[in-house]
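What follows is the content of start.pdb, which has PDB, C-alpha atoms:
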```
ATOM      1  CA  MET R 385      -4.331  20.072  21.461  1.00  0.00           C
ATOM      2  CA  THR R 386      -2.613  16.688  21.055  1.00  0.00           C
ATOM      3  CA  GLY R 387      -5.731  14.539  20.864  1.00  0.00           C
ATOM      4  CA  MET R 388      -7.697  17.009  18.768  1.00  0.00           C
ATOM      5  CA  PHE R 389      -6.327  16.193  15.300  1.00  0.00           C
ATOM      6  CA  LEU R 390      -6.481  12.424  15.863  1.00  0.00           C
ATOM      7  CA  SER R 391     -10.080  12.464  17.122  1.00  0.00           C
ATOM      8  CA  VAL R 392     -11.181  14.546  14.119  1.00  0.00           C
ATOM      9  CA  CYS R 393      -9.391  12.085  11.805  1.00  0.00           C
ATOM     10  CA  ILE R 394     -11.051   9.117  13.550  1.00  0.00           C
ATOM     11  CA  GLN R 395     -14.523  10.623  13.138  1.00  0.00           C
ATOM     12  CA  LEU R 396     -13.788  11.441   9.476  1.00  0.00           C
ATOM     13  CA  ALA R 397     -12.509   7.909   8.786  1.00  0.00           C
ATOM     14  CA  LEU R 398     -15.536   6.319  10.471  1.00  0.00           C
ATOM     15  CA  ALA R 399     -17.863   8.494   8.374  1.00  0.00           C
ATOM     16  CA  ILE R 400     -16.076   7.603   5.116  1.00  0.00           C
ATOM     17  CA  LEU R 401     -16.083   3.894   6.004  1.00  0.00           C
ATOM     18  CA  SER R 402     -19.813   4.052   6.764  1.00  0.00           C
ATOM     19  CA  ILE R 403     -20.444   5.560   3.320  1.00  0.00           C
ATOM     20  CA  SER R 404     -18.403   2.710   1.792  1.00  0.00           C
ATOM     21  CA  PHE R 405     -20.499   0.178   3.739  1.00  0.00           C
ATOM     22  CA  VAL R 406     -23.715   1.671   2.354  1.00  0.00           C
ATOM     23  CA  VAL R 407     -22.388   1.697  -1.228  1.00  0.00           C
ATOM     24  CA  ILE R 408     -21.232  -1.936  -0.971  1.00  0.00           C
ATOM     25  CA  ILE R 409     -24.585  -3.023   0.470  1.00  0.00           C
ATOM     26  CA  ILE R 410     -26.318  -1.314  -2.477  1.00  0.00           C
ATOM     27  CA  ARG R 411     -24.150  -3.479  -4.760  1.00  0.00           C
ATOM     28  CA  ILE R 412     -25.072  -6.619  -2.775  1.00  0.00           C
ATOM     29  CA  ILE R 413     -28.791  -5.854  -3.131  1.00  0.00           C
ATOM     30  CA  VAL R 414     -28.721  -4.640  -6.765  1.00  0.00           C
ATOM     31  CA  GLY R 415     -25.836  -6.750  -8.110  1.00  0.00           C
ATOM     32  CA  PRO R 416     -27.338  -8.589 -11.072  1.00  0.00           C
ATOM     33  CA  THR R 417     -25.299 -11.783 -10.887  1.00  0.00           C
ATOM     34  CA  LEU R 418     -24.107 -14.146  -8.177  1.00  0.00           C
ATOM     35  CA  PRO R 419     -20.340 -13.336  -8.580  1.00  0.00           C
ATOM     36  CA  ASP R 420     -21.136  -9.626  -8.101  1.00  0.00           C
ATOM     37  CA  ARG R 421     -22.688 -10.391  -4.728  1.00  0.00           C
ATOM     38  CA  ILE R 422     -19.795 -12.643  -3.711  1.00  0.00           C
ATOM     39  CA  LEU R 423     -17.306  -9.926  -4.648  1.00  0.00           C
ATOM     40  CA  ALA R 424     -19.270  -7.321  -2.704  1.00  0.00           C
ATOM     41  CA  LEU R 425     -19.304  -9.591   0.381  1.00  0.00           C
ATOM     42  CA  ASP R 426     -15.519  -9.973   0.067  1.00  0.00           C
ATOM     43  CA  MET R 427     -15.191  -6.187  -0.137  1.00  0.00           C
ATOM     44  CA  LEU R 428     -17.462  -5.850   2.910  1.00  0.00           C
ATOM     45  CA  VAL R 429     -15.022  -8.000   4.900  1.00  0.00           C
ATOM     46  CA  THR R 430     -12.123  -5.793   3.746  1.00  0.00           C
ATOM     47  CA  VAL R 431     -13.893  -2.608   4.827  1.00  0.00           C
ATOM     48  CA  GLY R 432     -14.815  -4.324   8.111  1.00  0.00           C
ATOM     49  CA  ILE R 433     -11.118  -4.965   8.791  1.00  0.00           C
ATOM     50  CA  GLY R 434     -10.446  -1.261   8.300  1.00  0.00           C
ATOM     51  CA  PHE R 435     -13.347  -0.417  10.611  1.00  0.00           C
ATOM     52  CA  ILE R 436     -11.916  -2.718  13.311  1.00  0.00           C
ATOM     53  CA  ALA R 437      -8.480  -1.057  12.965  1.00  0.00           C
ATOM     54  CA  VAL R 438     -10.020   2.403  13.419  1.00  0.00           C
ATOM     55  CA  MET R 439     -11.987   1.187  16.443  1.00  0.00           C
ATOM     56  CA  GLY R 440      -8.752  -0.224  17.887  1.00  0.00           C
ATOM     57  CA  ILE R 441      -7.133   3.205  17.583  1.00  0.00           C
ATOM     58  CA  LYS R 442     -10.210   4.905  19.056  1.00  0.00           C
ATOM     59  CA  THR R 443     -10.563   2.651  22.100  1.00  0.00           C
ATOM     60  CA  GLY R 444      -6.898   1.669  22.637  1.00  0.00           C
ATOM     61  CA  TYR R 445      -7.656  -2.076  22.824  1.00  0.00           C
ATOM     62  CA  TYR R 446      -5.000  -3.687  20.625  1.00  0.00           C
ATOM     63  CA  LEU R 447      -6.733  -7.086  20.858  1.00  0.00           C
ATOM     64  CA  TYR R 448      -8.906  -5.860  17.981  1.00  0.00           C
ATOM     65  CA  MET R 449      -5.961  -6.674  15.717  1.00  0.00           C
ATOM     66  CA  ASP R 450      -6.483 -10.409  16.335  1.00  0.00           C
ATOM     67  CA  ILE R 451     -10.172 -10.061  15.468  1.00  0.00           C
ATOM     68  CA  ALA R 452      -9.203  -8.315  12.220  1.00  0.00           C
ATOM     69  CA  ILE R 453      -6.818 -11.129  11.240  1.00  0.00           C
ATOM     70  CA  ALA R 454      -9.444 -13.783  12.058  1.00  0.00           C
ATOM     71  CA  LEU R 455     -12.057 -11.865  10.051  1.00  0.00           C
ATOM     72  CA  GLY R 456      -9.679 -11.730   7.078  1.00  0.00           C
ATOM     73  CA  LEU R 457      -9.139 -15.490   7.281  1.00  0.00           C
ATOM     74  CA  VAL R 458     -12.895 -16.170   7.424  1.00  0.00           C
ATOM     75  CA  GLY R 459     -13.520 -13.822   4.494  1.00  0.00           C
ATOM     76  CA  PHE R 460     -10.868 -15.495   2.367  1.00  0.00           C
ATOM     77  CA  LEU R 461     -12.242 -18.971   3.103  1.00  0.00           C
ATOM     78  CA  ALA R 462     -15.810 -17.805   2.391  1.00  0.00           C
ATOM     79  CA  THR R 463     -14.788 -16.353  -0.982  1.00  0.00           C
ATOM     80  CA  VAL R 464     -12.935 -19.541  -1.918  1.00  0.00           C
ATOM     81  CA  ALA R 465     -15.952 -21.643  -0.928  1.00  0.00           C
ATOM     82  CA  PHE R 466     -18.335 -19.423  -2.934  1.00  0.00           C
ATOM     83  CA  ALA R 467     -16.023 -19.632  -5.961  1.00  0.00           C
ATOM     84  CA  ARG R 468     -16.043 -23.426  -5.722  1.00  0.00           C
ATOM     85  CA  PHE R 469     -19.835 -23.259  -5.487  1.00  0.00           C
ATOM     86  CA  VAL R 470     -20.077 -21.182  -8.694  1.00  0.00           C
ATOM     87  CA  LEU R 471     -17.694 -23.607 -10.414  1.00  0.00           C
ATOM     88  CA  SER R 472     -19.604 -26.698  -9.254  1.00  0.00           C
ATOM     89  CA  LYS R 473     -22.895 -25.239 -10.481  1.00  0.00           C
ATOM     90  CA  ALA R 474     -21.232 -24.660 -13.868  1.00  0.00           C
ATOM     91  CA  SER R 475     -19.985 -28.232 -14.081  1.00  0.00           C
ATOM     92  CA  THR R 476     -23.409 -29.581 -13.088  1.00  0.00           C
ATOM     93  CA  TYR R 477     -25.422 -27.674 -15.671  1.00  0.00           C
ATOM     94  CA  GLY R 478     -22.715 -27.425 -18.348  1.00  0.00           C
ATOM     95  CA  ARG R 479     -20.841 -24.490 -19.793  1.00  0.00           C
ATOM     96  CA  SER R 480     -23.055 -24.175 -22.886  1.00  0.00           C
ATOM     97  CA  SER R 481     -26.151 -23.152 -20.928  1.00  0.00           C
ATOM     98  CA  GLU R 482     -25.889 -19.600 -19.698  1.00  0.00           C
ATOM     99  CA  PRO R 483     -26.527 -18.958 -15.999  1.00  0.00           C
ATOM    100  CA  GLU R 484     -30.077 -17.767 -15.537  1.00  0.00           C
ATOM    101  CA  ASP R 485     -29.058 -14.437 -14.004  1.00  0.00           C
ATOM    102  CA  SER R 486     -26.492 -13.732 -16.739  1.00  0.00           C
ATOM    103  CA  ALA R 487     -29.139 -12.398 -19.145  1.00  0.00           C
ATOM    104  CA  ALA R 488     -29.999  -9.485 -16.851  1.00  0.00           C
ATOM    105  CA  GLN R 489     -26.368  -8.393 -16.732  1.00  0.00           C
ATOM    106  CA  PHE R 490     -26.075  -5.842 -19.542  1.00  0.00           C
ATOM    107  CA  LYS R 491     -29.642  -4.662 -19.900  1.00  0.00           C
ATOM    108  CA  GLU R 492     -30.029  -1.133 -21.188  1.00  0.00           C
ATOM    109  CA  PRO R 493     -31.168   1.157 -18.373  1.00  0.00           C
ATOM    110  CA  ALA R 494     -34.809   2.189 -18.752  1.00  0.00           C
ATOM    111  CA  LYS R 495     -35.164   5.788 -19.846  1.00  0.00           C
TER     112      LYS R 495
ATOM    113  CA  MET N1355       6.347  16.815  20.333  1.00  0.00           C
ATOM    114  CA  THR N1356       7.044  13.212  19.353  1.00  0.00           C
ATOM    115  CA  VAL N1357       3.547  12.211  20.454  1.00  0.00           C
ATOM    116  CA  LEU N1358       2.084  14.940  18.270  1.00  0.00           C
ATOM    117  CA  VAL N1359       4.039  13.758  15.212  1.00  0.00           C
ATOM    118  CA  PHE N1360       2.887  10.161  15.801  1.00  0.00           C
ATOM    119  CA  GLU N1361      -0.738  11.261  16.125  1.00  0.00           C
ATOM    120  CA  ILE N1362      -0.570  13.285  12.908  1.00  0.00           C
ATOM    121  CA  VAL N1363       0.928  10.303  11.052  1.00  0.00           C
ATOM    122  CA  VAL N1364      -1.779   7.979  12.440  1.00  0.00           C
ATOM    123  CA  GLY N1365      -4.566  10.414  11.531  1.00  0.00           C
ATOM    124  CA  ILE N1366      -3.310  10.868   7.975  1.00  0.00           C
ATOM    125  CA  LEU N1367      -2.921   7.093   7.551  1.00  0.00           C
ATOM    126  CA  ILE N1368      -6.458   6.255   8.667  1.00  0.00           C
ATOM    127  CA  VAL N1369      -8.032   9.013   6.557  1.00  0.00           C
ATOM    128  CA  VAL N1370      -6.058   7.974   3.445  1.00  0.00           C
ATOM    129  CA  GLY N1371      -6.890   4.297   4.067  1.00  0.00           C
ATOM    130  CA  SER N1372     -10.598   4.994   4.431  1.00  0.00           C
ATOM    131  CA  LEU N1373     -10.488   7.101   1.248  1.00  0.00           C
ATOM    132  CA  PHE N1374      -8.985   4.116  -0.600  1.00  0.00           C
ATOM    133  CA  CYS N1375     -11.824   1.947   0.752  1.00  0.00           C
ATOM    134  CA  LEU N1376     -14.313   4.544  -0.498  1.00  0.00           C
ATOM    135  CA  VAL N1377     -12.648   4.540  -3.942  1.00  0.00           C
ATOM    136  CA  ALA N1378     -12.940   0.738  -4.033  1.00  0.00           C
ATOM    137  CA  ALA N1379     -16.624   0.917  -3.081  1.00  0.00           C
ATOM    138  CA  ILE N1380     -17.311   3.540  -5.759  1.00  0.00           C
ATOM    139  CA  GLY N1381     -15.503   1.357  -8.296  1.00  0.00           C
ATOM    140  CA  LEU N1382     -17.636  -1.572  -7.169  1.00  0.00           C
ATOM    141  CA  ILE N1383     -20.814   0.318  -7.983  1.00  0.00           C
ATOM    142  CA  ARG N1384     -19.706   2.285 -11.059  1.00  0.00           C
ATOM    143  CA  LEU N1385     -17.833  -0.288 -13.174  1.00  0.00           C
ATOM    144  CA  GLN N1386     -19.581  -2.488 -15.682  1.00  0.00           C
ATOM    145  CA  ASP N1387     -19.099  -6.201 -15.135  1.00  0.00           C
ATOM    146  CA  VAL N1388     -17.822  -8.492 -12.395  1.00  0.00           C
ATOM    147  CA  TYR N1389     -14.265  -8.633 -13.781  1.00  0.00           C
ATOM    148  CA  LEU N1390     -13.849  -4.842 -13.770  1.00  0.00           C
ATOM    149  CA  ARG N1391     -15.380  -4.604 -10.302  1.00  0.00           C
ATOM    150  CA  MET N1392     -12.913  -7.214  -9.076  1.00  0.00           C
ATOM    151  CA  HIS N1393     -10.131  -4.986 -10.415  1.00  0.00           C
ATOM    152  CA  ALA N1394     -11.298  -2.148  -8.135  1.00  0.00           C
ATOM    153  CA  ALA N1395     -12.170  -4.197  -5.062  1.00  0.00           C
ATOM    154  CA  SER N1396      -9.150  -6.451  -4.707  1.00  0.00           C
ATOM    155  CA  LYS N1397      -6.504  -3.750  -5.165  1.00  0.00           C
ATOM    156  CA  ALA N1398      -7.859  -0.549  -3.621  1.00  0.00           C
ATOM    157  CA  GLY N1399      -9.664  -2.396  -0.826  1.00  0.00           C
ATOM    158  CA  THR N1400      -6.561  -4.314   0.256  1.00  0.00           C
ATOM    159  CA  LEU N1401      -4.491  -1.118   0.173  1.00  0.00           C
ATOM    160  CA  GLY N1402      -7.067   0.699   2.307  1.00  0.00           C
ATOM    161  CA  SER N1403      -7.340  -1.918   5.033  1.00  0.00           C
ATOM    162  CA  GLY N1404      -3.550  -2.425   4.994  1.00  0.00           C
ATOM    163  CA  LEU N1405      -2.965   1.299   5.538  1.00  0.00           C
ATOM    164  CA  MET N1406      -5.375   1.274   8.468  1.00  0.00           C
ATOM    165  CA  LEU N1407      -3.594  -1.720  10.049  1.00  0.00           C
ATOM    166  CA  ILE N1408      -0.277   0.159   9.637  1.00  0.00           C
ATOM    167  CA  ALA N1409      -1.919   3.111  11.400  1.00  0.00           C
ATOM    168  CA  LEU N1410      -2.884   0.881  14.337  1.00  0.00           C
ATOM    169  CA  ALA N1411       0.715  -0.464  14.482  1.00  0.00           C
ATOM    170  CA  VAL N1412       2.166   3.077  14.487  1.00  0.00           C
ATOM    171  CA  TYR N1413      -0.341   4.163  17.137  1.00  0.00           C
ATOM    172  CA  ALA N1414       0.453   1.235  19.463  1.00  0.00           C
ATOM    173  CA  TRP N1415       4.203   1.115  18.692  1.00  0.00           C
ATOM    174  CA  GLU N1416       4.769  -2.082  20.690  1.00  0.00           C
ATOM    175  CA  VAL N1417       6.589  -5.111  19.371  1.00  0.00           C
ATOM    176  CA  ASP N1418       3.688  -7.573  19.616  1.00  0.00           C
ATOM    177  CA  VAL N1419       1.147  -5.264  17.979  1.00  0.00           C
ATOM    178  CA  VAL N1420       3.529  -4.224  15.180  1.00  0.00           C
ATOM    179  CA  SER N1421       4.490  -7.831  14.395  1.00  0.00           C
ATOM    180  CA  ARG N1422       0.853  -8.940  14.346  1.00  0.00           C
ATOM    181  CA  ALA N1423      -0.059  -5.998  12.123  1.00  0.00           C
ATOM    182  CA  PHE N1424       2.624  -6.900   9.604  1.00  0.00           C
ATOM    183  CA  ALA N1425       1.619 -10.569   9.736  1.00  0.00           C
ATOM    184  CA  GLY N1426      -1.960  -9.538   8.998  1.00  0.00           C
ATOM    185  CA  ILE N1427      -0.933  -7.234   6.128  1.00  0.00           C
ATOM    186  CA  LEU N1428       1.241  -9.982   4.624  1.00  0.00           C
ATOM    187  CA  PHE N1429      -1.695 -12.388   4.930  1.00  0.00           C
ATOM    188  CA  PHE N1430      -4.080  -9.980   3.172  1.00  0.00           C
ATOM    189  CA  LEU N1431      -1.551  -9.257   0.425  1.00  0.00           C
ATOM    190  CA  LEU N1432      -1.185 -13.005  -0.169  1.00  0.00           C
ATOM    191  CA  THR N1433      -4.873 -13.967  -0.053  1.00  0.00           C
ATOM    192  CA  ALA N1434      -6.571 -11.089  -1.925  1.00  0.00           C
ATOM    193  CA  PRO N1435      -5.129 -11.969  -5.385  1.00  0.00           C
ATOM    194  CA  ILE N1436      -5.809 -15.677  -4.820  1.00  0.00           C
ATOM    195  CA  SER N1437      -9.472 -15.170  -3.975  1.00  0.00           C
ATOM    196  CA  ALA N1438      -9.956 -12.646  -6.820  1.00  0.00           C
ATOM    197  CA  HIS N1439      -8.356 -15.008  -9.336  1.00  0.00           C
ATOM    198  CA  LEU N1440     -10.407 -17.977  -8.129  1.00  0.00           C
ATOM    199  CA  LEU N1441     -13.643 -15.996  -8.333  1.00  0.00           C
ATOM    200  CA  ALA N1442     -12.824 -14.590 -11.800  1.00  0.00           C
ATOM    201  CA  ARG N1443     -11.912 -17.999 -13.162  1.00  0.00           C
ATOM    202  CA  ALA N1444     -14.984 -19.674 -11.652  1.00  0.00           C
ATOM    203  CA  SER N1445     -17.378 -17.024 -12.942  1.00  0.00           C
ATOM    204  CA  TYR N1446     -15.799 -17.084 -16.432  1.00  0.00           C
ATOM    205  CA  ILE N1447     -16.033 -20.867 -16.667  1.00  0.00           C
ATOM    206  CA  ALA N1448     -19.605 -20.703 -15.340  1.00  0.00           C
ATOM    207  CA  GLY N1449     -20.517 -18.549 -18.352  1.00  0.00           C
ATOM    208  CA  TYR N1450     -20.774 -15.012 -17.011  1.00  0.00           C
ATOM    209  CA  LYS N1451     -19.786 -12.910 -20.028  1.00  0.00           C
ATOM    210  CA  PRO N1452     -17.453  -9.894 -19.831  1.00  0.00           C
ATOM    211  CA  CYS N1453     -18.958  -6.575 -20.861  1.00  0.00           C
ATOM    212  CA  PRO N1454     -19.384  -6.014 -24.635  1.00  0.00           C
ATOM    213  CA  GLN N1455     -16.536  -3.461 -24.726  1.00  0.00           C
ATOM    214  CA  THR N1456     -14.022  -6.245 -23.974  1.00  0.00           C
ATOM    215  CA  LYS N1457     -11.729  -6.603 -27.013  1.00  0.00           C
ATOM    216  CA  ILE N1458      -8.989  -9.095 -26.062  1.00  0.00           C
ATOM    217  CA  ASP N1459     -10.093 -12.398 -24.543  1.00  0.00           C
ATOM    218  CA  LYS N1460      -7.112 -14.749 -24.282  1.00  0.00           C
ATOM    219  CA  PHE N1461      -8.769 -17.061 -21.776  1.00  0.00           C
ATOM    220  CA  ALA N1462     -11.533 -17.973 -24.247  1.00  0.00           C
ATOM    221  CA  GLU N1463      -8.864 -18.937 -26.807  1.00  0.00           C
ATOM    222  CA  SER N1464      -7.114 -21.147 -24.288  1.00  0.00           C
ATOM    223  CA  LEU N1465     -10.438 -22.777 -23.399  1.00  0.00           C
ATOM    224  CA  ASN N1466     -11.344 -23.168 -27.130  1.00  0.00           C
ATOM    225  CA  LEU N1467     -14.462 -21.059 -26.690  1.00  0.00           C
ATOM    226  CA  PRO N1468     -15.818 -18.261 -28.879  1.00  0.00           C
ATOM    227  CA  ALA N1469     -14.359 -14.930 -27.749  1.00  0.00           C
ATOM    228  CA  ALA N1470     -16.503 -12.370 -26.003  1.00  0.00           C
ATOM    229  CA  GLY N1471     -16.849  -9.994 -28.951  1.00  0.00           C
ATOM    230  CA  GLU N1472     -18.227 -12.634 -31.353  1.00  0.00           C
TER     231      GLU N1472
END
```
Whole structure, structure tokens version:
Amino acid sequence: MTGMFLSVCIQLALAILSISFVVIIIRIIVGPTLPDRILALDMLVTVGIGFIAVMGIKTGYYLYMDIAIALGLVGFLATVAFARFVLSKASTYGRSSEPEDSAAQFKEPAK
Amino acid sequence: MTVLVFEIVVGILIVVGSLFCLVAAIGLIRLQDVYLRMHAASKAGTLGSGLMLIALAVYAWEVDVVSRAFAGILFFLLTAPISAHLLARASYIAGYKPCPQTKIDKFAESLNLPAAGE
């Protein structure tokens, strides 16, 4: 009886997190601009941390916590580096010229 | 009895945390431009993963695991706004426009740029 509720909750949480993974990967593939993809990668890291926490509860290995903290650090540094990359591209080509993928951003959906 | 209460708390925490992650993912795909998506991802996503780390701390209930969990949550709470702000600022300066429904655009005024609605 004791382990029943927790194992059902673990399976439910893993299923919900998998759905979130799929939705975020759709945004990475579709995402019309570069910052959309960077943001979706950052979100993927966040959901991955949650996944690692659930796996730590499921298996009982608490060392997974260290992996989650290291993954959060790597994700933060990657987002900062990507943001600097977007900024450096802007300063190279100038603010007045729109980014080439910015035009596709608010296109009316085809009916 | 105590074990049962702990397991119920852990189960509720991980399900609620994963639901917050799902809400963030749905916001990421439903909202209109990168600034609105950032609004969903950086808040709901951090809350979801933080709740799941709290669940792992409650499940383990040992001093080293609990302290590392709170260090990790503090780290995520500190870094998520910084990375979201950096990305928003970089993409605004790079020329990615907010969606046409945006009415107030203070950052364009401070940069001496035409506002988004004009």
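Each of N:Ala1448, N:Ile1427, N:Ile1383, N:Ala1462 was checked against Leu457 (chain R) using only C-alpha atoms; the smallest atom-to-atom distance is that of N:Ile1427.
Compared by their closest atoms to Ile451 (chain R), and using all atoms listed in the file, the residues N:Lys1451, N:Arg1422, N:Arg1443, N:Lys1397 rank with N:Arg1422 nearest.
The shortest atom-to-atom distance to chain R, with only C-alpha atoms taken into account, belongs to N:Leu1441 out of N:Ser1464, N:Leu1431, N:Leu1441, N:Ser1421.
With CA of Leu396 (chain R) on one side and CA of Phe1424 (chain N) on the other, the separation reads 24.6 Å.
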What's the 8 Å shell around Gly1365 (chain N), counting only C-alpha atoms, without same-chain residues fewer than 6 positions away, as a PyMOL selection string?
(chain R and resi 389-390+393-394) or (chain N and resi 1409)
Provide as a short mmCIF file (atom, residue, chain, number, x, y, z; two decimals) with C-alpha atoms, in the coordinates of the input the residues of chain N at most 8 Å from chain R, counting all atoms listed in the file.
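File written: part_37.cif
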```cif
data_model
loop_
_atom_site.label_atom_id
_atom_site.label_comp_id
_atom_site.auth_asym_id
_atom_site.auth_seq_id
_atom_site.Cartn_x
_atom_site.Cartn_y
_atom_site.Cartn_z
CA VAL N 1357 3.55 12.21 20.45
CA LEU N 1358 2.08 14.94 18.27
CA GLU N 1361 -0.74 11.26 16.12
CA ILE N 1362 -0.57 13.28 12.91
CA VAL N 1364 -1.78 7.98 12.44
CA GLY N 1365 -4.57 10.41 11.53
CA ILE N 1366 -3.31 10.87 7.98
CA ILE N 1368 -6.46 6.26 8.67
CA VAL N 1369 -8.03 9.01 6.56
CA GLY N 1371 -6.89 4.30 4.07
CA SER N 1372 -10.60 4.99 4.43
CA LEU N 1373 -10.49 7.10 1.25
CA CYS N 1375 -11.82 1.95 0.75
CA LEU N 1376 -14.31 4.54 -0.50
CA ALA N 1379 -16.62 0.92 -3.08
CA ILE N 1380 -17.31 3.54 -5.76
CA LEU N 1382 -17.64 -1.57 -7.17
CA ILE N 1383 -20.81 0.32 -7.98
CA ASP N 1387 -19.10 -6.20 -15.14
CA VAL N 1388 -17.82 -8.49 -12.40
CA ARG N 1391 -15.38 -4.60 -10.30
CA MET N 1392 -12.91 -7.21 -9.08
CA ALA N 1395 -12.17 -4.20 -5.06
CA SER N 1396 -9.15 -6.45 -4.71
CA GLY N 1399 -9.66 -2.40 -0.83
CA THR N 1400 -6.56 -4.31 0.26
CA GLY N 1402 -7.07 0.70 2.31
CA SER N 1403 -7.34 -1.92 5.03
CA GLY N 1404 -3.55 -2.42 4.99
CA MET N 1406 -5.38 1.27 8.47
CA LEU N 1407 -3.59 -1.72 10.05
CA ALA N 1409 -1.92 3.11 11.40
CA LEU N 1410 -2.88 0.88 14.34
CA TYR N 1413 -0.34 4.16 17.14
CA ALA N 1414 0.45 1.24 19.46
CA VAL N 1419 1.15 -5.26 17.98
CA ARG N 1422 0.85 -8.94 14.35
CA ALA N 1423 -0.06 -6.00 12.12
CA GLY N 1426 -1.96 -9.54 9.00
CA PHE N 1430 -4.08 -9.98 3.17
CA THR N 1433 -4.87 -13.97 -0.05
CA ALA N 1434 -6.57 -11.09 -1.92
CA SER N 1437 -9.47 -15.17 -3.98
CA LEU N 1440 -10.41 -17.98 -8.13
CA LEU N 1441 -13.64 -16.00 -8.33
CA ALA N 1444 -14.98 -19.67 -11.65
CA SER N 1445 -17.38 -17.02 -12.94
CA ILE N 1447 -16.03 -20.87 -16.67
CA ALA N 1448 -19.60 -20.70 -15.34
CA GLY N 1449 -20.52 -18.55 -18.35
CA TYR N 1450 -20.77 -15.01 -17.01
CA LYS N 1451 -19.79 -12.91 -20.03
CA CYS N 1453 -18.96 -6.58 -20.86
#
```
Between CA of Leu1401 (chain N) and CA of Leu1432 (chain N), measure the distance and give it in Å to one decimal.
12.3 Å
In terms of the shortest atom-to-atom distance over all atoms listed in the file, which of N:Val1420, N:Val1412, N:Ala1398, N:Gln1386 is closest to Pro1454 (chain N)?
N:Gln1386
